[in-house]
Amino acid sequence: MISHHLAHHSADVAAVLLLLLSVTTFRHRAESACGRPLIEAEVRCLSALAFLHDIGKLAPGFQSKGWPDGPNLKPRGHLECGWMWTVLPPRADALAGAVKHLARWADLDRWFEAVFAHHGRPVMPSGRGEAVNAFARVPRYDWVAEETVMGEALLDWFPEIKTAAPPPPSPAFIHFFCGLLTLADWIGSDREAFPYVAEFRKDYWQIAQDRATKRLRAIGLVSGGLILRDRPGWALISDHPHPRPAQDAVGHLPTQERMILLEAETGSGKTEAALLRFAALVAAGEVDALYFAVPTRAAARQLHGRVNEALKRMFDPAPEAVLAIPGQVMAGEAKGTRLPDFGMLWDDSEERPTRWAAEHSARYLAAQVAVGTVDQVALAGLQVKYAHLRGTALSRALLVIDEVHASDAYMTEVQTAMARSHLGLGGHVMLMSATLGAAARRRWFDHPRADLASDAALPYPAIWTSARVRPVTADAGGGKSVQVDAFAGWTGEEAAELANQAARQGARVLVIRNTVERAQATYSACLAEAPEYLLTVSGRPTLHHSRFATEDRARLDAAVEAAIGKSSPMGGRIVIGTQTLEQSLDLCADILITDLCPMDVLLQRIGRLHRHNRLRPAGYDRARVVVLRPPGGLDPMIHRSENGLGASQHGPSLSTASMSMCRVSPRPSPRLKSDPFGKFRR
């Protein structure tokens, strides 16, 4: 079996971390987290800490897992053994004497908490008794001699540890460092980029640095990795002669503004405005990456194609946008298939190192450009595995969140916490919405409360920054008049009858139900009455919701766009779906049939209607929405949930008596922390 000397792997990871801290954006984010500029000796000490990340692999308790026979030792994980190494009885010759230099560093245990969390989550310290057992002296393997080799390499390659120390381990900096180390370990563990060298070499540190430089350049994690074809401007983004008002307003914003909110109607060109902002920030050296977050997988797939085409126009060479949807491997137009040996086979047979970030969901945010769901960003702000990696990797990017809204309190809490963390590192955020609302906007910007009259007088469309609001001229002819009709009934049969009637008149009908069960009931009724109008995939009628397999979802998304998208042909057809079709999709239905839902959600659904000026069937020149509602009114929902609305399924009712009781004994709300691993704090 071919092996890689532990000191060599440790050097690989340390070299990658050292080079990452030389990348302009990562260096700026690190200094923001630290609260002051870093000096080079401190950075070298951080690299020395990275060198020790796998020190636990010295333990016989870990090594014995690979021995076919030998002493009967309890198998141990190397992270657990790393903590055990720190609590072994003191020895003057430990780590070739380097330990005496580390021992004078302040809060060394806090640094080791971060170092031993490099597999994505914290590992708790162990007691001394367990440590002595894991590091027992055994025949045929002298772990003390191997530790001496590691220590001598540490002293030779990082002499700064004798006189300097890492910067103070503030919580923000500890978390950033942990994420950067996780990223470095993932990069430095690539066998193709860092070929194994079994016998220890004193000159390996230079080899590791050369390999790290080559690898970071290949995967795009370097300063200046994105090269614009021309100076930022509208001509770089589009062939259209002039930008629309919202796009023009975004193009004139100073790059020093780090959080902006573009509020504009659906179909006003917000995507291109975000790309224009991205180009300006790249040119200014403020960011070297982009993460474009949208609410649903369907929206991500559709937007992914648009962004890829734009990148070809904007950059030379053009980066491939990663599709950040777990279970799907896609970079640019190429699709990847996982192989049994954990390798990747790309359908265009090209080996491009920049596709590295597409091959695992935890690495999506390390891509130069990624388009995906907003939950990938949310995972950087929750106590979940690889939260640190996600947050640190994202820090160099412009984070665009499309269709922020107020009706989902949980996601609003998570997103605002994550955005504040990103801004705290010096990152850039662009929010976009057609339906945010004044109360939610104040939450994003920490603005004081206001009365209804004041909120109603605020401009729309507009661009909000931390300092001011900038009114935006509405698109000439961009508004649309929508006829809204209420229909007392929301069974599947009633919704299907309305859809069939419109389809028979040649209309492209979009039906959005609040729950999968109601969508299925509507589909079954349409299938029984008029199957020829239904959305089809490979000749089979179907509907669209979140419970399909990953491969089928991609085919369904393409079928929906072909059926009722911007370029869909005239003719009656029915697309039935759930919330998967309500936001961020460039659809252009003739009529919308929708369940009653929160107002901002309803406006989003209306945004899939009459988005483009095109021919319409007779009687559908004006946008029309039919809102399905319960025939008995809303009162029954005070006591029970129905079709996704009303009282919580397992909670108290919404009656006056119950609400009074709830005020006495409220249900606890989930605790959300912007600090992913609060247990690091003491």
# chains A, B, ... in the order shown; residues from 1 in each chain; ligands from 1
$ residues_around --residues "segment 569-583 of chain A" --least-positions-apart "2" --cutoff "8 Å" --atoms "only C-alpha atoms" --output "MDAnalysis selection string"
chainID A and resid 295:299 403 499:500 502:516 519 522:523 532:535 543:546 560 563:564 567 585 601 604:605 607:608 615:617
$ residues_around --residues "segment 440-448 of chain A" --least-positions-apart "4" --cutoff "10 Å" --atoms "only C-alpha atoms" --output "MDAnalysis selection string"
chainID A and resid 259:261 263 404:407 409 412:413 415:417 419:420 431 435:436 464:467
$ write_last_selection --atoms "C-alpha atoms" --output "short mmCIF file (atom, residue, chain, number, x, y, z; two decimals), in the first residue's frame"
data_model
loop_
_atom_site.label_atom_id
_atom_site.label_comp_id
_atom_site.auth_asym_id
_atom_site.auth_seq_id
_atom_site.Cartn_x
_atom_site.Cartn_y
_atom_site.Cartn_z
CA MET A 259 -25.30 45.58 1.45
CA ILE A 260 -27.90 46.71 -1.03
CA LEU A 261 -31.54 45.78 -1.53
CA GLU A 263 -36.93 46.22 -4.71
CA VAL A 404 -36.24 37.56 -0.01
CA HIS A 405 -39.66 37.77 1.59
CA ALA A 406 -41.36 37.96 4.97
CA SER A 407 -43.82 35.06 5.11
CA ALA A 409 -40.14 33.59 9.72
CA THR A 412 -35.86 35.13 7.50
CA GLU A 413 -34.14 34.59 10.86
CA GLN A 415 -30.83 34.44 6.34
CA THR A 416 -30.48 37.70 8.27
CA ALA A 417 -28.09 36.05 10.75
CA ALA A 419 -25.93 37.91 6.02
CA ARG A 420 -24.79 39.80 9.13
CA LEU A 431 -30.83 41.31 -1.76
CA THR A 435 -42.61 41.69 -2.41
CA LEU A 436 -40.49 42.18 0.71
CA TRP A 464 -31.92 50.53 -0.30
CA THR A 465 -28.49 50.81 1.29
CA SER A 466 -27.45 51.17 4.90
CA ALA A 467 -27.44 54.94 4.54
#
$ closest_residue --among "A:Arg547, A:Arg27, A:Arg104, A:His304" --to "Gly427 of chain A" --atoms "only C-alpha atoms"
A:Arg27
$ select_by_dssp --residues "segment 77-271 of chain A" --states "strand (DSSP E or B)" --output "MDAnalysis selection string"
chainID A and resid 138 141 228 259:263
$ residues_around --residues "segment 138-152 of chain A" --least-positions-apart "2" --cutoff "9 Å" --atoms "only C-alpha atoms" --output "list of chain:residue names"
A:Leu6, A:Ala7, A:Ser10, A:Leu52, A:Ile55, A:Leu58, A:Ala59, A:Pro60, A:Gly70, A:Pro71, A:Asp93, A:Ala94, A:Leu95, A:Ala96, A:Gly97, A:Ala98, A:Val99, A:Phe135, A:Ala136, A:Leu154, A:Leu155, A:Asp156, A:Trp157, A:Phe200
$ residues_around --residues "Arg211 of chain A" --least-positions-apart "6" --cutoff "12 Å" --atoms "only C-alpha atoms" --output "PyMOL selection string"
chain A and resi 8-9+11-16+19+187-196+204-205+217-218
$ write_last_selection --atoms "N, CA, C and O atoms" --output "short mmCIF file (atom, residue, chain, number, x, y, z; two decimals), in the first residue's frame"
data_model
loop_
_atom_site.label_atom_id
_atom_site.label_comp_id
_atom_site.auth_asym_id
_atom_site.auth_seq_id
_atom_site.Cartn_x
_atom_site.Cartn_y
_atom_site.Cartn_z
N HIS A 8 4.54 15.06 5.64
CA HIS A 8 4.32 15.59 4.29
C HIS A 8 2.88 16.05 4.10
O HIS A 8 2.63 17.14 3.56
N HIS A 9 1.92 15.22 4.53
CA HIS A 9 0.52 15.66 4.43
C HIS A 9 0.30 16.90 5.27
O HIS A 9 -0.40 17.84 4.85
N ALA A 11 2.42 19.18 5.93
CA ALA A 11 3.01 20.30 5.19
C ALA A 11 2.12 20.73 4.03
O ALA A 11 1.99 21.93 3.75
N ASP A 12 1.50 19.77 3.35
CA ASP A 12 0.60 20.09 2.24
C ASP A 12 -0.52 21.02 2.73
O ASP A 12 -0.81 22.05 2.10
N VAL A 13 -1.15 20.65 3.83
CA VAL A 13 -2.28 21.43 4.35
C VAL A 13 -1.80 22.78 4.87
O VAL A 13 -2.44 23.81 4.62
N ALA A 14 -0.67 22.80 5.55
CA ALA A 14 -0.13 24.06 6.06
C ALA A 14 0.23 25.00 4.92
O ALA A 14 0.00 26.22 5.00
N ALA A 15 0.78 24.45 3.83
CA ALA A 15 1.14 25.28 2.68
C ALA A 15 -0.10 25.87 2.02
O ALA A 15 -0.11 27.04 1.60
N VAL A 16 -1.16 25.07 1.91
CA VAL A 16 -2.40 25.58 1.32
C VAL A 16 -2.97 26.70 2.18
O VAL A 16 -3.37 27.76 1.68
N LEU A 19 -1.01 29.91 1.77
CA LEU A 19 -1.29 30.58 0.49
C LEU A 19 -2.69 31.17 0.46
O LEU A 19 -2.90 32.24 -0.14
N ILE A 187 -8.37 20.60 0.25
CA ILE A 187 -7.52 20.81 -0.93
C ILE A 187 -6.23 20.01 -0.81
O ILE A 187 -5.80 19.35 -1.76
N GLY A 188 -5.60 20.06 0.36
CA GLY A 188 -4.32 19.42 0.54
C GLY A 188 -4.38 17.90 0.61
O GLY A 188 -3.33 17.25 0.62
N SER A 189 -5.60 17.34 0.66
CA SER A 189 -5.75 15.88 0.72
C SER A 189 -5.98 15.26 -0.65
O SER A 189 -6.24 14.06 -0.75
N ASP A 190 -5.91 16.07 -1.70
CA ASP A 190 -6.11 15.56 -3.05
C ASP A 190 -4.84 14.85 -3.51
O ASP A 190 -3.79 15.47 -3.71
N ARG A 191 -4.93 13.54 -3.70
CA ARG A 191 -3.75 12.74 -4.00
C ARG A 191 -3.15 13.08 -5.36
O ARG A 191 -1.92 13.00 -5.54
N GLU A 192 -3.98 13.47 -6.33
CA GLU A 192 -3.45 13.81 -7.64
C GLU A 192 -2.64 15.11 -7.59
O GLU A 192 -1.62 15.25 -8.27
N ALA A 193 -3.10 16.06 -6.80
CA ALA A 193 -2.40 17.34 -6.70
C ALA A 193 -1.20 17.26 -5.77
O ALA A 193 -0.22 18.00 -5.93
N PHE A 194 -1.27 16.36 -4.78
CA PHE A 194 -0.20 16.20 -3.80
C PHE A 194 0.19 14.72 -3.76
O PHE A 194 -0.22 13.98 -2.85
N PRO A 195 0.96 14.25 -4.76
CA PRO A 195 1.32 12.82 -4.83
C PRO A 195 2.04 12.36 -3.57
O PRO A 195 2.78 13.11 -2.94
N TYR A 196 1.79 11.11 -3.23
CA TYR A 196 2.34 10.55 -2.00
C TYR A 196 3.87 10.43 -2.06
O TYR A 196 4.44 10.02 -3.08
N TYR A 204 10.85 18.78 1.96
CA TYR A 204 9.48 18.65 1.44
C TYR A 204 8.68 19.94 1.58
O TYR A 204 7.74 20.15 0.81
N TRP A 205 9.02 20.81 2.50
CA TRP A 205 8.24 22.04 2.67
C TRP A 205 8.20 22.86 1.38
O TRP A 205 7.14 23.38 1.01
N ARG A 217 -4.06 27.76 -7.99
CA ARG A 217 -4.24 28.44 -9.28
C ARG A 217 -5.17 27.63 -10.18
O ARG A 217 -6.03 28.20 -10.87
N ALA A 218 -5.04 26.32 -10.16
CA ALA A 218 -5.85 25.47 -11.04
C ALA A 218 -7.32 25.49 -10.66
O ALA A 218 -8.19 25.47 -11.54
#
$ closest_atom_pairs --of "segment 160-258 of chain A" --to "segment 346-363 of chain A" --cutoff "9 Å" --atoms "only C-alpha atoms" --output "tab-separated table"
residue	atom	partner	partner_atom	distance
A:Leu183	CA	A:Arg363	CA	8.3
A:Arg215	CA	A:Pro353	CA	8.2
A:Ala218	CA	A:Pro353	CA	5.7
A:Ile219	CA	A:Thr354	CA	4.1
A:Gly220	CA	A:Thr354	CA	6.2
$ residues_around --residues "His252 of chain A" --least-positions-apart "5" --cutoff "12 Å" --atoms "only C-alpha atoms" --output "JSON, numbers by chain"
{"A": [232, 233, 234, 243, 245, 246, 247, 257, 273, 276, 277, 280, 281, 463, 470, 472]}
$ write_last_selection --atoms "N, CA and C atoms" --output "PDB file, in the first residue's frame"
ATOM      1  N   PRO A 232     -16.258  47.310 -16.363  1.00  0.00           N
ATOM      2  CA  PRO A 232     -17.664  47.074 -16.001  1.00  0.00           C
ATOM      3  C   PRO A 232     -18.586  48.090 -16.664  1.00  0.00           C
ATOM      4  N   GLY A 233     -19.694  47.618 -17.141  1.00  0.00           N
ATOM      5  CA  GLY A 233     -20.679  48.461 -17.796  1.00  0.00           C
ATOM      6  C   GLY A 233     -21.743  47.596 -18.426  1.00  0.00           C
ATOM      7  N   TRP A 234     -22.796  48.232 -18.871  1.00  0.00           N
ATOM      8  CA  TRP A 234     -23.923  47.476 -19.392  1.00  0.00           C
ATOM      9  C   TRP A 234     -23.545  46.643 -20.616  1.00  0.00           C
ATOM     10  N   PRO A 243     -29.647  49.707 -20.488  1.00  0.00           N
ATOM     11  CA  PRO A 243     -30.164  49.006 -19.318  1.00  0.00           C
ATOM     12  C   PRO A 243     -31.534  49.538 -18.924  1.00  0.00           C
ATOM     13  N   PRO A 245     -34.264  50.765 -15.980  1.00  0.00           N
ATOM     14  CA  PRO A 245     -33.997  51.714 -14.880  1.00  0.00           C
ATOM     15  C   PRO A 245     -33.366  51.079 -13.645  1.00  0.00           C
ATOM     16  N   ALA A 246     -33.870  49.918 -13.211  1.00  0.00           N
ATOM     17  CA  ALA A 246     -33.305  49.279 -12.017  1.00  0.00           C
ATOM     18  C   ALA A 246     -31.866  48.842 -12.268  1.00  0.00           C
ATOM     19  N   GLN A 247     -31.604  48.343 -13.458  1.00  0.00           N
ATOM     20  CA  GLN A 247     -30.249  47.911 -13.798  1.00  0.00           C
ATOM     21  C   GLN A 247     -29.290  49.101 -13.845  1.00  0.00           C
ATOM     22  N   GLU A 257     -20.480  50.341  -0.945  1.00  0.00           N
ATOM     23  CA  GLU A 257     -21.721  49.874  -0.307  1.00  0.00           C
ATOM     24  C   GLU A 257     -21.676  48.349  -0.232  1.00  0.00           C
ATOM     25  N   ALA A 273     -29.052  42.937 -13.219  1.00  0.00           N
ATOM     26  CA  ALA A 273     -28.559  43.965 -12.295  1.00  0.00           C
ATOM     27  C   ALA A 273     -27.560  43.370 -11.314  1.00  0.00           C
ATOM     28  N   LEU A 276     -24.290  42.809 -13.083  1.00  0.00           N
ATOM     29  CA  LEU A 276     -23.608  44.090 -13.258  1.00  0.00           C
ATOM     30  C   LEU A 276     -22.898  44.495 -11.969  1.00  0.00           C
ATOM     31  N   ARG A 277     -23.559  44.272 -10.842  1.00  0.00           N
ATOM     32  CA  ARG A 277     -22.947  44.563  -9.547  1.00  0.00           C
ATOM     33  C   ARG A 277     -21.723  43.666  -9.314  1.00  0.00           C
ATOM     34  N   ALA A 280     -18.723  44.940 -11.254  1.00  0.00           N
ATOM     35  CA  ALA A 280     -18.140  46.137 -10.639  1.00  0.00           C
ATOM     36  C   ALA A 280     -17.292  45.776  -9.426  1.00  0.00           C
ATOM     37  N   LEU A 281     -17.760  44.836  -8.611  1.00  0.00           N
ATOM     38  CA  LEU A 281     -17.017  44.449  -7.412  1.00  0.00           C
ATOM     39  C   LEU A 281     -15.759  43.662  -7.762  1.00  0.00           C
ATOM     40  N   ILE A 463     -33.814  51.292  -4.493  1.00  0.00           N
ATOM     41  CA  ILE A 463     -32.620  50.611  -4.010  1.00  0.00           C
ATOM     42  C   ILE A 463     -32.333  51.127  -2.609  1.00  0.00           C
ATOM     43  N   ARG A 470     -32.794  54.989  -2.571  1.00  0.00           N
ATOM     44  CA  ARG A 470     -32.678  55.660  -3.861  1.00  0.00           C
ATOM     45  C   ARG A 470     -33.864  55.238  -4.724  1.00  0.00           C
ATOM     46  N   VAL A 472     -36.143  54.424  -7.838  1.00  0.00           N
ATOM     47  CA  VAL A 472     -35.825  53.939  -9.179  1.00  0.00           C
ATOM     48  C   VAL A 472     -37.026  54.217 -10.074  1.00  0.00           C
TER      49      VAL A 472
END
